[in-house]
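Novice: One structure follows; several queries about it will come next.
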Amino acid sequence: MVMTWGHGWMVGAVPKTRADIRADRTPSDRHGRALRIGLISALVPLSLTLVQCGGAPNPAALAANSQANVQVVAKTNSQVASADTFEDRFPAPPFKERFPSAGESFLQRQMSDFSPKRAVEQQPRPEQAPYKVASLTPQVPYQRPPREDLTTLVSMKSSAFPYFGNNPASDAPFLNISKGDRRGHRSYSGRIYWQDETYSDSRVLVHVPERFDVRKPGVIVVFFHGNGATLERDVRDRQLVPQQITDSGANAILLAPQMAVDAADSSAGKFWQAGGLKRFMDESASHLARLSGDPNSARAFANMPIVIVGYSGGFLPTAWSLEVGGISDRVRGVVLLDAVYGEMDKFASWIESHRSGFFVSSYTRYTARRDRELMSMLRQKGIGVSEDMDGPLRPGSVVFVETGDGITHRDYVNRAWTQYPLKDVLVKMSATPALALTRVAATTPSASNR
């Protein structure tokens, strides 16, 4: 028996029972059958692929991967839902990580931080032959990469402290008191300062401006800070001594040894000893050569002129360095900032025997009596004295400048006869060829604020 099935299909006889079964199937049964056929069609090629790769994966591994995928998707969805802003997705670092607080210090540097290999890599390269660059210009000369100011702390054996010698004022041991294993110094005021807290810091603040050129005439500024000071908080941040040197545009660098740490004490430590300043400058020459990137420049630093600046209690190491330091002939100038509290004979002796150098003492009413006494001593020796800083600074200049009541002792390094007096001295010095200090950067001379 032949019959026609709809849409022109010709089929043979089919047993009634099977035809009934097909007729009784619901649309859902047909959908399920189609789904199974589709799954089988997809899995067959996948199975062949897995067999080609060496076998199907372990069922346990599949379960683990499935659970991991669920967790990753859930986590990702949660992050996307919460990260609605740029700040949420890209948070900025905490404030303290970007801007250190005032109490935080920069790292102390040791000689090992500046290996010979690194120093050689940083030294200036000689002029190279021009090289050709396509599509720009026929020839481009080699240009040295720019350098930035360097301000750091370096530990030096010849710095003021620690000091285990005698106090020349009494010829008694400087550390004149003990308590158990601790040793200390009883100051003139009767206050006790312990060696491990006040007289153990051997660091020196070193500042090399970016434009400093060791091949040109320059000067090393040795700065003796006053009482109650630290190198970071006061010399660097409050008194702005490194900044004044850079802003002067002079070919000058800074060495500022830590004296008594944050104490009302003017002790000179190793600068009391004969040859103390010479040993300090000799050791600093090798440090400066490494820091500047040219190890061969140590000889230039070892012969470079010196300007000593003493502020307040810094008068004592200044006076002893001039008297017994061993290299007073290298000292091109002395600047005292409200600092003549004594030792007038040592200052007068250096001025009298070094007429090629200059001497500047600026003072408030606190030191006026002693400054006038020193002026009288010099005039009796036939040495001319000027009492203003309006004129040029020349070899043999001796200048005393009294400042008004509105100028405070605490701010004297920043404001004396003018704002930033150290900068003003270096500007005047570099304007005088006889003082042999090169100007390596343009700057605007400080205006007088007297």
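Ordering of the structure tokens sets the chain letters (A, B, ...), residue numbers begin anew at 1 in every chain, and ligands are numbered from 1 in the order given.
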Which segment 230-294 of chain A residues have any atom within 6 Å of an atom of segment 315-324 of chain A, and for each, what is the nearest pair of atoms with distance in Å to one decimal, counting only C-alpha atoms, rows sorted by chain and number, as JSON lines?

Specialist:
```
{"residue": "A:Ala268", "atom": "CA", "partner": "A:Pro317", "partner_atom": "CA", "distance": 4.6}
{"residue": "A:Phe271", "atom": "CA", "partner": "A:Pro317", "partner_atom": "CA", "distance": 5.8}
{"residue": "A:Trp272", "atom": "CA", "partner": "A:Trp320", "partner_atom": "CA", "distance": 5.8}
{"residue": "A:Ala274", "atom": "CA", "partner": "A:Val324", "partner_atom": "CA", "distance": 4.8}
{"residue": "A:Leu277", "atom": "CA", "partner": "A:Ser321", "partner_atom": "CA", "distance": 5.7}
```

Novice: Store the residues picked out above in a file with N, CA, C and O atoms, as an mmCIF file, in the first residue's frame.

Specialist:
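Printed below is result-v1.cif as written:
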```cif
data_model
loop_
_atom_site.group_PDB
_atom_site.id
_atom_site.type_symbol
_atom_site.label_atom_id
_atom_site.label_comp_id
_atom_site.auth_asym_id
_atom_site.auth_seq_id
_atom_site.Cartn_x
_atom_site.Cartn_y
_atom_site.Cartn_z
ATOM 1 N N ALA A 268 82.579 72.672 69.290
ATOM 2 C CA ALA A 268 83.127 72.524 67.945
ATOM 3 C C ALA A 268 83.557 71.111 67.619
ATOM 4 O O ALA A 268 83.849 70.807 66.453
ATOM 5 N N PHE A 271 86.493 70.062 65.112
ATOM 6 C CA PHE A 271 87.018 71.333 64.587
ATOM 7 C C PHE A 271 87.806 72.101 65.641
ATOM 8 O O PHE A 271 88.419 73.129 65.317
ATOM 9 N N TRP A 272 87.803 71.631 66.879
ATOM 10 C CA TRP A 272 88.690 72.175 67.908
ATOM 11 C C TRP A 272 90.133 71.737 67.671
ATOM 12 O O TRP A 272 91.064 72.402 68.111
ATOM 13 N N ALA A 274 93.774 70.651 66.007
ATOM 14 C CA ALA A 274 94.681 71.167 64.984
ATOM 15 C C ALA A 274 94.518 70.337 63.709
ATOM 16 O O ALA A 274 94.555 69.102 63.749
ATOM 17 N N LEU A 277 89.827 71.218 60.202
ATOM 18 C CA LEU A 277 89.174 71.650 58.966
ATOM 19 C C LEU A 277 89.851 71.026 57.753
ATOM 20 O O LEU A 277 89.178 70.633 56.792
#
```

Novice: Which neighbours of Ile177 of chain A fall inside 10 Å, counting only C-alpha atoms, when residues of the same chain fewer than 2 positions from it are skipped, and could you give them as a list of chain:residue names?

Specialist: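 Near neighbours after the sequence-gap exclusion: A:Pro173, A:Phe174, A:Leu175, A:Lys179, A:Arg182, A:Arg183, A:Gly184, A:His185, A:Arg186, A:Ile192, A:Tyr193, A:Trp194, A:Gln195.
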
Novice: Go ahead and write the residues just picked, N, CA, C and O atoms, as a PDB file, in the first residue's frame.

Specialist:
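Written file, part18.pdb:
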```pdb
ATOM      1  N   PRO A 173      88.445  66.506  79.600  1.00  0.00           N
ATOM      2  CA  PRO A 173      87.696  65.713  78.619  1.00  0.00           C
ATOM      3  C   PRO A 173      86.355  66.356  78.294  1.00  0.00           C
ATOM      4  O   PRO A 173      85.647  66.839  79.187  1.00  0.00           O
ATOM      5  N   PHE A 174      86.017  66.364  77.004  1.00  0.00           N
ATOM      6  CA  PHE A 174      84.744  66.938  76.578  1.00  0.00           C
ATOM      7  C   PHE A 174      83.575  66.163  77.185  1.00  0.00           C
ATOM      8  O   PHE A 174      82.616  66.764  77.693  1.00  0.00           O
ATOM      9  N   LEU A 175      83.627  64.854  77.127  1.00  0.00           N
ATOM     10  CA  LEU A 175      82.595  64.024  77.763  1.00  0.00           C
ATOM     11  C   LEU A 175      82.964  63.915  79.238  1.00  0.00           C
ATOM     12  O   LEU A 175      83.740  63.051  79.650  1.00  0.00           O
ATOM     13  N   LYS A 179      76.908  58.128  83.456  1.00  0.00           N
ATOM     14  CA  LYS A 179      75.835  57.505  84.220  1.00  0.00           C
ATOM     15  C   LYS A 179      75.683  56.083  83.717  1.00  0.00           C
ATOM     16  O   LYS A 179      75.121  55.861  82.644  1.00  0.00           O
ATOM     17  N   ARG A 182      76.507  55.249  79.976  1.00  0.00           N
ATOM     18  CA  ARG A 182      76.315  56.457  79.175  1.00  0.00           C
ATOM     19  C   ARG A 182      77.334  57.523  79.561  1.00  0.00           C
ATOM     20  O   ARG A 182      77.666  57.691  80.739  1.00  0.00           O
ATOM     21  N   ARG A 183      77.795  58.243  78.537  1.00  0.00           N
ATOM     22  CA  ARG A 183      78.686  59.365  78.764  1.00  0.00           C
ATOM     23  C   ARG A 183      78.052  60.609  78.179  1.00  0.00           C
ATOM     24  O   ARG A 183      77.320  60.551  77.182  1.00  0.00           O
ATOM     25  N   GLY A 184      78.332  61.746  78.791  1.00  0.00           N
ATOM     26  CA  GLY A 184      77.720  62.979  78.344  1.00  0.00           C
ATOM     27  C   GLY A 184      78.586  64.184  78.626  1.00  0.00           C
ATOM     28  O   GLY A 184      79.693  64.082  79.157  1.00  0.00           O
ATOM     29  N   HIS A 185      78.057  65.356  78.259  1.00  0.00           N
ATOM     30  CA  HIS A 185      78.774  66.621  78.435  1.00  0.00           C
ATOM     31  C   HIS A 185      77.896  67.588  79.218  1.00  0.00           C
ATOM     32  O   HIS A 185      76.733  67.813  78.861  1.00  0.00           O
ATOM     33  N   ARG A 186      78.465  68.130  80.277  1.00  0.00           N
ATOM     34  CA  ARG A 186      77.769  69.168  81.041  1.00  0.00           C
ATOM     35  C   ARG A 186      78.164  70.512  80.444  1.00  0.00           C
ATOM     36  O   ARG A 186      79.328  70.897  80.448  1.00  0.00           O
ATOM     37  N   ILE A 192      72.973  68.881  81.042  1.00  0.00           N
ATOM     38  CA  ILE A 192      73.684  67.683  80.601  1.00  0.00           C
ATOM     39  C   ILE A 192      73.108  67.206  79.268  1.00  0.00           C
ATOM     40  O   ILE A 192      71.896  67.041  79.122  1.00  0.00           O
ATOM     41  N   TYR A 193      74.005  66.994  78.297  1.00  0.00           N
ATOM     42  CA  TYR A 193      73.636  66.408  77.013  1.00  0.00           C
ATOM     43  C   TYR A 193      74.382  65.091  76.857  1.00  0.00           C
ATOM     44  O   TYR A 193      75.608  65.038  77.032  1.00  0.00           O
ATOM     45  N   TRP A 194      73.655  64.040  76.508  1.00  0.00           N
ATOM     46  CA  TRP A 194      74.250  62.717  76.415  1.00  0.00           C
ATOM     47  C   TRP A 194      74.853  62.500  75.031  1.00  0.00           C
ATOM     48  O   TRP A 194      74.306  62.938  74.019  1.00  0.00           O
ATOM     49  N   GLN A 195      75.980  61.797  75.034  1.00  0.00           N
ATOM     50  CA  GLN A 195      76.721  61.582  73.798  1.00  0.00           C
ATOM     51  C   GLN A 195      75.898  60.844  72.752  1.00  0.00           C
ATOM     52  O   GLN A 195      75.902  61.204  71.579  1.00  0.00           O
TER      53      GLN A 195
END
```

Novice: Select, from A:Val401, A:Met377, A:Ala434, A:Ala172, the residue with the minimum atom-to-atom distance to Gly357 of chain A, counting only C-alpha atoms.

Specialist: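 Selected residue with least distance to Gly357 of chain A: A:Ala434.
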
Novice: Record the distance separating atom CA of Ser155 of chain A and atom CA of Val235 of chain A, expressed in Å with one decimal.

Specialist: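 Between atom CA of Ser155 of chain A and atom CA of Val235 of chain A the gap is 16.5 Å.
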
Novice: DSSP on the backbone: what in segment 305-445 of chain A comes out strand (DSSP E or B), as a list in words?

Specialist: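 Result set for segment 305-445 of chain A (strand (DSSP E or B)): Ile306, Val307, Ile308, Val309, Gly310, Tyr311, Val331, Arg332, Gly333, Val334, Val335, Leu336, Leu337, Phe358, Phe359, Val360, Ser361, Ser362, Tyr363, Ser386, Val398, Val399, Phe400, Val401, Glu402, Arg415, Thr418, Gln419 and Arg439 of chain A.
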
Novice: Write a file of the just-selected residues containing C-alpha atoms, as a compact mmCIF listing (two decimals), in the first residue's frame.

Specialist:
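Okay, this is what ended up in out19.txt:
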```
# COMPACT_ATOMS: atom_id res chain seq x y z
CA ILE A 306 86.39 77.97 50.84
CA VAL A 307 83.89 80.42 52.30
CA ILE A 308 82.98 79.74 55.94
CA VAL A 309 79.56 80.87 57.14
CA GLY A 310 78.87 80.81 60.88
CA TYR A 311 75.41 81.51 62.22
CA VAL A 331 89.55 80.36 53.08
CA ARG A 332 88.51 83.07 50.63
CA GLY A 333 85.90 84.65 52.89
CA VAL A 334 84.15 84.54 56.28
CA VAL A 335 80.51 85.46 56.87
CA LEU A 336 79.14 85.74 60.42
CA LEU A 337 75.38 86.01 60.85
CA PHE A 358 86.86 89.22 52.78
CA PHE A 359 85.07 89.36 56.12
CA VAL A 360 81.38 90.16 56.68
CA SER A 361 79.66 90.33 60.06
CA SER A 362 75.97 91.22 60.21
CA TYR A 363 74.52 91.66 63.68
CA SER A 386 82.84 99.48 56.10
CA VAL A 398 85.81 94.09 55.95
CA VAL A 399 82.13 94.84 56.42
CA PHE A 400 80.00 95.16 59.56
CA VAL A 401 76.25 95.59 59.06
CA GLU A 402 73.86 96.36 61.89
CA ARG A 415 66.67 87.83 56.45
CA THR A 418 68.61 91.71 52.89
CA GLN A 419 66.45 88.71 52.19
CA ARG A 439 78.59 82.70 37.55
```

Novice: Quick one, how far is atom CA of Lys157 of chain A from atom CA of Arg238 of chain A?

Specialist: 26.5 Å

Novice: Between A:Ile327, A:Val204, A:Leu153, A:Ala229, which residue has the minimum interatomic distance to Gly276 of chain A, considering only C-alpha atoms?

Specialist: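 Nearest candidate to Gly276 of chain A out of A:Ile327, A:Val204, A:Leu153, A:Ala229: A:Ile327.
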
Novice: Applying 8 Å and only C-alpha atoms, which residues near Asp262 of chain A remain after dropping the ones on its own chain fewer than 6 positions away? List them as a PyMOL selection string.

Specialist: chain A and resi 198+227-230

Novice: Now that the selection is made, can you save its residues with all heavy atoms as a PDB file, in the first residue's frame?

Specialist:
```pdb
ATOM      1  N   THR A 198      73.142  63.518  71.453  1.00  0.00           N
ATOM      2  CA  THR A 198      73.491  64.868  70.999  1.00  0.00           C
ATOM      3  C   THR A 198      74.801  64.941  70.227  1.00  0.00           C
ATOM      4  O   THR A 198      74.945  65.780  69.334  1.00  0.00           O
ATOM      5  CB  THR A 198      73.580  65.816  72.215  1.00  0.00           C
ATOM      6  OG1 THR A 198      72.396  65.681  73.004  1.00  0.00           O
ATOM      7  CG2 THR A 198      73.732  67.254  71.783  1.00  0.00           C
ATOM      8  N   ASN A 227      72.752  76.979  67.474  1.00  0.00           N
ATOM      9  CA  ASN A 227      72.233  76.086  68.508  1.00  0.00           C
ATOM     10  C   ASN A 227      70.820  75.613  68.178  1.00  0.00           C
ATOM     11  O   ASN A 227      70.069  76.275  67.465  1.00  0.00           O
ATOM     12  CB  ASN A 227      72.222  76.798  69.864  1.00  0.00           C
ATOM     13  CG  ASN A 227      73.622  77.105  70.366  1.00  0.00           C
ATOM     14  OD1 ASN A 227      74.603  76.716  69.748  1.00  0.00           O
ATOM     15  ND2 ASN A 227      73.706  77.811  71.478  1.00  0.00           N
ATOM     16  N   GLY A 228      70.477  74.460  68.717  1.00  0.00           N
ATOM     17  CA  GLY A 228      69.120  73.948  68.598  1.00  0.00           C
ATOM     18  C   GLY A 228      68.697  73.649  67.184  1.00  0.00           C
ATOM     19  O   GLY A 228      67.563  73.941  66.801  1.00  0.00           O
ATOM     20  N   ALA A 229      69.590  73.063  66.386  1.00  0.00           N
ATOM     21  CA  ALA A 229      69.286  72.863  64.968  1.00  0.00           C
ATOM     22  C   ALA A 229      69.565  71.436  64.534  1.00  0.00           C
ATOM     23  O   ALA A 229      70.377  70.718  65.131  1.00  0.00           O
ATOM     24  CB  ALA A 229      70.092  73.833  64.113  1.00  0.00           C
ATOM     25  N   THR A 230      68.887  71.042  63.468  1.00  0.00           N
ATOM     26  CA  THR A 230      69.192  69.809  62.746  1.00  0.00           C
ATOM     27  C   THR A 230      69.366  70.164  61.277  1.00  0.00           C
ATOM     28  O   THR A 230      68.872  71.195  60.806  1.00  0.00           O
ATOM     29  CB  THR A 230      68.083  68.754  62.879  1.00  0.00           C
ATOM     30  OG1 THR A 230      66.910  69.202  62.192  1.00  0.00           O
ATOM     31  CG2 THR A 230      67.733  68.498  64.346  1.00  0.00           C
TER      32      THR A 230
END
```
